[in-house]
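K.L.:
Here's a structure for you.
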Amino acid sequence: MLPWLEQARRSLRTRFDEGRLGHAPLIHGPAGIGKQELGDWLARLLLCREPVEAGACGDCQSCQLVASGAHPDLFVIDVLEDKQGIAVDQVRGLIEGLQLTASMGKNRVGLMPRADAMNRNAANALLKTLEEPPPGAWLILLSEQPARLPATIRSRCQQLALRVPEREPAESWLAGQCPESSRGDRDAALELGGGAPLAALQMLESGGLDAGLSLLEDLATGTAHGELIERWQAEPAACWQWLARWMAVLMAQASRAGGWRPEGQRLPPVPPGRDVARLWQMALDGHREAERGVVRQDLLLGRWLLEWEACQPARK
Ligand SMILES: [Zn+2]
């Protein structure tokens with residue numbers, strides 16, 4: 001188990017052992033901190049025939065079926081490819097599955113890795129099951145933005161909030177995962193990932209960090225304008241996301257002036273402007289437009305660059 005989730009794991013385990021685990025735990029928190037790992041761990045525990053201290057045994061038939069992705073009593077409901085959200089039919093299928101008699105042990109488990117992607121009808125369809133769950137049925141909901149879930153859903157769940165870990169333990173875990181990386185890169189990845197270790201790991205392992213940093217450097221210095229526009233047209237959503245992350249870092253650094261500064265910082269050393277919050281908002285808007293498929297990305301980027309220029313201290 002990821003070290004910063006140990007406390008949450010123990011708390012779930014205690015509730016499970018003492019029969020106090022609600023039938024619908026809602027595990028929420030920012031992206032990249034391990035909600036999925038914890039949700040999977042809990043699903044395996046609920047289905048295992050002979051749980052051990054650490055959780056599921058990993059050996060019994062049930063554990064083996066979970067590992068092979070073929071457990072008949074585990075129902076994973078996620079956003080289907082090419083779809084925007086979780087549809088009501090998917091939830092109806094889940095409810096039917098949970099009402100059957102368990103094939104293997106006594107429990108059936110529904111797992112929703114992105115519960116907040118349920119549309120309104122899907123959420124309504126789930127309500128009755130949350131109110132009167134069939135015996136032995138468990139629903140594990142994971143969410144990055146629990147506020148998007150209807151209050152009626154949230155109030156029927158047992159909520160568990162996960163937070164990003166402290167910087168030092170996150171950094172040392174990351175160093176263990178990527179021993180070849182430099183401290184400067186790990187710091188930059190953690191900063192840009194909002195402190196979420198799995199998000200930072202993904203940036204380091206995919207080579208995305210270098211690509212993202214070079215993009216931000218070009219933006220900060222106003223160089224390679226043509227290339228910048230080309231990249232923006234090719235991958236608008238990803239580019240806006242890097243920009244939004246960077247603005248979030250600048251805002252955070254401005255608010256902890258004189259506080260923690262990463263060693264060997266590789267992020268462009270741009271002094272926080274007068275209105276970084278506005279630049280951040282524009283980047284978020286740009287990201288949303290890109291996801292909606294708005295094509296004139298060069299115009300949107302141009303508008304952002306003008307604002308950015310206006311925020312810079314006067315050049316000598
Ligand atoms: Zn087992």
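Labels for the structure tokens follow display order: chains A, B, ..., residues from 1 in each chain, ligands from 1.
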Check every protein, DNA and RNA residue against ligand 1, keep those with an atom at most 9 Å away (counting only C-alpha atoms and all ligand atoms), and present them as a PDB file with C-alpha atoms, in the first residue's frame.
P.N.:
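So result-v1.pdb came out as:
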ATOM      1  CA  ARG A  44     -10.463  -7.271  -2.709  1.00  0.00           C
ATOM      2  CA  LEU A  45     -10.839  -7.315   1.072  1.00  0.00           C
ATOM      3  CA  LEU A  47     -14.457 -10.395  -1.657  1.00  0.00           C
ATOM      4  CA  CYS A  48     -11.595 -12.389  -0.125  1.00  0.00           C
ATOM      5  CA  ARG A  49     -12.511 -15.635   1.631  1.00  0.00           C
ATOM      6  CA  GLU A  50      -9.689 -15.549   4.155  1.00  0.00           C
ATOM      7  CA  PRO A  51      -8.509 -11.994   4.721  1.00  0.00           C
ATOM      8  CA  VAL A  52      -5.192 -11.516   6.475  1.00  0.00           C
ATOM      9  CA  GLY A  55      -6.075  -7.166   3.577  1.00  0.00           C
ATOM     10  CA  ALA A  56      -7.096  -9.765   1.014  1.00  0.00           C
ATOM     11  CA  CYS A  57      -5.027 -12.967   1.164  1.00  0.00           C
ATOM     12  CA  GLY A  58      -4.109 -12.923  -2.523  1.00  0.00           C
ATOM     13  CA  ASP A  59      -4.278 -16.732  -2.698  1.00  0.00           C
ATOM     14  CA  CYS A  60      -7.877 -17.840  -2.414  1.00  0.00           C
ATOM     15  CA  GLN A  61      -9.983 -18.513  -5.490  1.00  0.00           C
ATOM     16  CA  SER A  62     -11.778 -15.234  -5.018  1.00  0.00           C
ATOM     17  CA  CYS A  63      -8.534 -13.236  -4.920  1.00  0.00           C
ATOM     18  CA  GLN A  64      -7.285 -15.018  -8.020  1.00  0.00           C
TER      19      GLN A  64
END
K.L.:
Taking only stretch 76-243 of chain A into account, list the residues labelled alpha helix (DSSP H) by DSSP (computed from the backbone), as a ChimeraX atom specification.
P.N.:
/A:88-99,120-131,151-154,167-177,183-192,197-206,208-221,225-234,236-243
K.L.:
Could you list, as a PyMOL selection string, every residue within 9 Å of A:Gln241, counting only C-alpha atoms and ignoring same-chain residues fewer than 5 positions away?
P.N.:
chain A and resi 236+246+283-284+286-287
K.L.:
Measuring atom to atom with only C-alpha atoms, identify which of A:Gly184, A:Gly85, A:Pro134, A:Gly93 is nearest to A:Ala117.
P.N.:
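Comparing A:Gly184, A:Gly85, A:Pro134, A:Gly93 against A:Ala117, the winner is A:Gly85.
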K.L.:
Give me, as JSON lines, each residue of stretch 19-61 of chain A that comes within 12 Å of stretch 200-221 of chain A, together with its shortest interatomic pair and the distance in Å at one decimal, counting only C-alpha atoms, with rows ordered by chain and rising residue number.
P.N.:
{"residue": "A:Ala31", "atom": "CA", "partner": "A:Ala200", "partner_atom": "CA", "distance": 10.6}
{"residue": "A:Gly32", "atom": "CA", "partner": "A:Ala200", "partner_atom": "CA", "distance": 7.8}
{"residue": "A:Ile33", "atom": "CA", "partner": "A:Ala200", "partner_atom": "CA", "distance": 9.7}
{"residue": "A:Gly34", "atom": "CA", "partner": "A:Leu201", "partner_atom": "CA", "distance": 11.8}
K.L.:
Just want the 10 Å neighbourhood of A:Ala238, counted on only C-alpha atoms, with same-chain residues fewer than 3 positions away dropped. Output as a list in words.
P.N.:
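Counting only the stated atoms, we get Gly212, Arg231, Trp232, Ala234, Glu235, Gln241, Trp242, Leu243, Ala244, His287, Ala290 and Glu291 of chain A.
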K.L.:
May I have the residues from that selection written out with C-alpha atoms, as a PDB file, in the first residue's frame?
P.N.:
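File result17.pdb, as written:
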ATOM      1  CA  GLY A 212       5.890  20.270 -20.348  1.00  0.00           C
ATOM      2  CA  ARG A 231       2.003  22.483 -30.402  1.00  0.00           C
ATOM      3  CA  TRP A 232      -1.084  24.233 -29.171  1.00  0.00           C
ATOM      4  CA  ALA A 234      -1.867  19.705 -32.042  1.00  0.00           C
ATOM      5  CA  GLU A 235      -2.617  19.075 -28.354  1.00  0.00           C
ATOM      6  CA  GLN A 241      -3.433  21.834 -18.660  1.00  0.00           C
ATOM      7  CA  TRP A 242       0.317  22.449 -18.330  1.00  0.00           C
ATOM      8  CA  LEU A 243      -0.337  26.145 -18.341  1.00  0.00           C
ATOM      9  CA  ALA A 244      -3.033  25.884 -15.683  1.00  0.00           C
ATOM     10  CA  HIS A 287      -8.732  23.792 -21.304  1.00  0.00           C
ATOM     11  CA  ALA A 290     -10.198  22.660 -25.987  1.00  0.00           C
ATOM     12  CA  GLU A 291     -12.144  19.715 -24.556  1.00  0.00           C
TER      13      GLU A 291
END
K.L.:
Write out as a list in words all residues of stretch 53-163 of chain A that DSSP puts in strand (DSSP E or B) for this structure's backbone.
P.N.:
Gly55, Leu74, Phe75, Val76, Ile86, Arg108, Val109, Gly110, Leu111, Met112, Met118, Ala137, Trp138, Leu139, Ile140, Leu141, Leu142, Ser143, Gln158, Gln159, Leu160 and Ala161 of chain A
K.L.:
For the contact check between stretch 103-184 of chain A and stretch 8-25 of chain A, emit one row per residue of stretch 103-184 of chain A within 8 Å, containing the shortest atom pair and the distance in Å rounded to one decimal, counting only C-alpha atoms, chain then rising number order, as CSV.
P.N.:
residue,atom,partner,partner_atom,distance
A:Leu130,CA,A:Ala24,CA,7.0
A:Pro133,CA,A:His23,CA,7.5
A:Ala137,CA,A:His23,CA,6.9
A:Trp138,CA,A:His23,CA,4.8
A:Leu139,CA,A:Ala24,CA,4.7
A:Ile140,CA,A:Pro25,CA,5.3
A:Leu141,CA,A:Pro25,CA,6.2
A:Arg156,CA,A:Ala24,CA,7.5
A:Cys157,CA,A:Ala24,CA,5.0
A:Gln158,CA,A:Pro25,CA,4.6
A:Gln159,CA,A:Pro25,CA,5.8
A:Leu160,CA,A:Pro25,CA,7.2
A:Leu162,CA,A:Ala8,CA,7.7
K.L.:
Using only C-alpha atoms, please write the residues we just selected to a file, as a PDB file, in the first residue's frame.
P.N.:
ATOM      1  CA  LEU A 130     -28.021   3.326  -1.590  1.00  0.00           C
ATOM      2  CA  PRO A 133     -28.911  -1.989  -0.283  1.00  0.00           C
ATOM      3  CA  ALA A 137     -24.012  -5.630  -1.453  1.00  0.00           C
ATOM      4  CA  TRP A 138     -21.288  -2.979  -1.265  1.00  0.00           C
ATOM      5  CA  LEU A 139     -20.773   0.066  -3.396  1.00  0.00           C
ATOM      6  CA  ILE A 140     -17.379   1.726  -3.413  1.00  0.00           C
ATOM      7  CA  LEU A 141     -17.525   5.196  -4.937  1.00  0.00           C
ATOM      8  CA  ARG A 156     -26.036   8.207   1.964  1.00  0.00           C
ATOM      9  CA  CYS A 157     -22.345   7.346   1.750  1.00  0.00           C
ATOM     10  CA  GLN A 158     -19.682   6.943   4.389  1.00  0.00           C
ATOM     11  CA  GLN A 159     -17.156   9.561   3.299  1.00  0.00           C
ATOM     12  CA  LEU A 160     -13.422   9.229   3.520  1.00  0.00           C
ATOM     13  CA  LEU A 162      -7.826  11.674   1.183  1.00  0.00           C
TER      14      LEU A 162
END
K.L.:
Within 8 Å of A:Ala87, counting only C-alpha atoms, which residues show up once you throw out same-chain ones fewer than 2 positions away? Write them as a PyMOL selection string, please.
P.N.:
chain A and resi 85+89-91+118-119+121-122
K.L.:
Please save N, CA and C atoms of the selected residues as a PDB file, in the first residue's frame.
P.N.:
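Okay, out-v8.pdb is ready:
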ATOM      1  N   GLY A  85     -20.037  10.559 -19.905  1.00  0.00           N
ATOM      2  CA  GLY A  85     -20.317  10.257 -18.495  1.00  0.00           C
ATOM      3  C   GLY A  85     -20.826   8.838 -18.329  1.00  0.00           C
ATOM      4  N   ASP A  89     -28.180   3.319 -17.994  1.00  0.00           N
ATOM      5  CA  ASP A  89     -28.205   1.883 -18.286  1.00  0.00           C
ATOM      6  C   ASP A  89     -27.081   1.137 -17.569  1.00  0.00           C
ATOM      7  N   GLN A  90     -25.922   1.804 -17.485  1.00  0.00           N
ATOM      8  CA  GLN A  90     -24.800   1.174 -16.783  1.00  0.00           C
ATOM      9  C   GLN A  90     -25.136   0.970 -15.310  1.00  0.00           C
ATOM     10  N   VAL A  91     -25.765   1.996 -14.725  1.00  0.00           N
ATOM     11  CA  VAL A  91     -26.118   1.889 -13.301  1.00  0.00           C
ATOM     12  C   VAL A  91     -27.194   0.830 -13.095  1.00  0.00           C
ATOM     13  N   MET A 118     -21.335  10.228 -13.123  1.00  0.00           N
ATOM     14  CA  MET A 118     -22.716   9.780 -13.337  1.00  0.00           C
ATOM     15  C   MET A 118     -23.558  10.971 -13.781  1.00  0.00           C
ATOM     16  N   ASN A 119     -24.379  10.785 -14.802  1.00  0.00           N
ATOM     17  CA  ASN A 119     -25.305  11.865 -15.135  1.00  0.00           C
ATOM     18  C   ASN A 119     -26.485  11.824 -14.147  1.00  0.00           C
ATOM     19  N   ASN A 121     -29.680  11.163 -14.323  1.00  0.00           N
ATOM     20  CA  ASN A 121     -30.544   9.980 -14.316  1.00  0.00           C
ATOM     21  C   ASN A 121     -29.840   8.784 -13.687  1.00  0.00           C
ATOM     22  N   ALA A 122     -28.549   8.672 -13.987  1.00  0.00           N
ATOM     23  CA  ALA A 122     -27.787   7.555 -13.424  1.00  0.00           C
ATOM     24  C   ALA A 122     -27.732   7.683 -11.899  1.00  0.00           C
TER      25      ALA A 122
END
K.L.:
From the set A:Gly222, A:Gly69, A:Gly194, A:Gly105, which residue has the shortest atom-to-atom contact distance to A:Arg163, counting only C-alpha atoms?
P.N.:
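Checking each candidate against A:Arg163, we get A:Gly194 as the closest.
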K.L.:
Could you work out how far atom CA of A:Ile153 lies from atom CA of A:Leu126, giving the answer in Å with one decimal?
P.N.:
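Atom CA of A:Leu126 sits 8.1 Å away from atom CA of A:Ile153.
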K.L.:
Distance atom CA of A:Glu131-atom CA of A:Ile77, one decimal place?
P.N.:
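Distance between the two atoms: 19.2 Å.
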K.L.:
By how many Å are atom CA of A:Arg92 and atom CA of A:Arg154 apart?
P.N.:
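One can read the atom CA of A:Arg92 to atom CA of A:Arg154 distance as 19.0 Å.
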K.L.:
Closest to A:Val79 among A:Leu142, A:Leu42, A:Ala115, A:Met1, using only C-alpha atoms?
P.N.:
A:Ala115
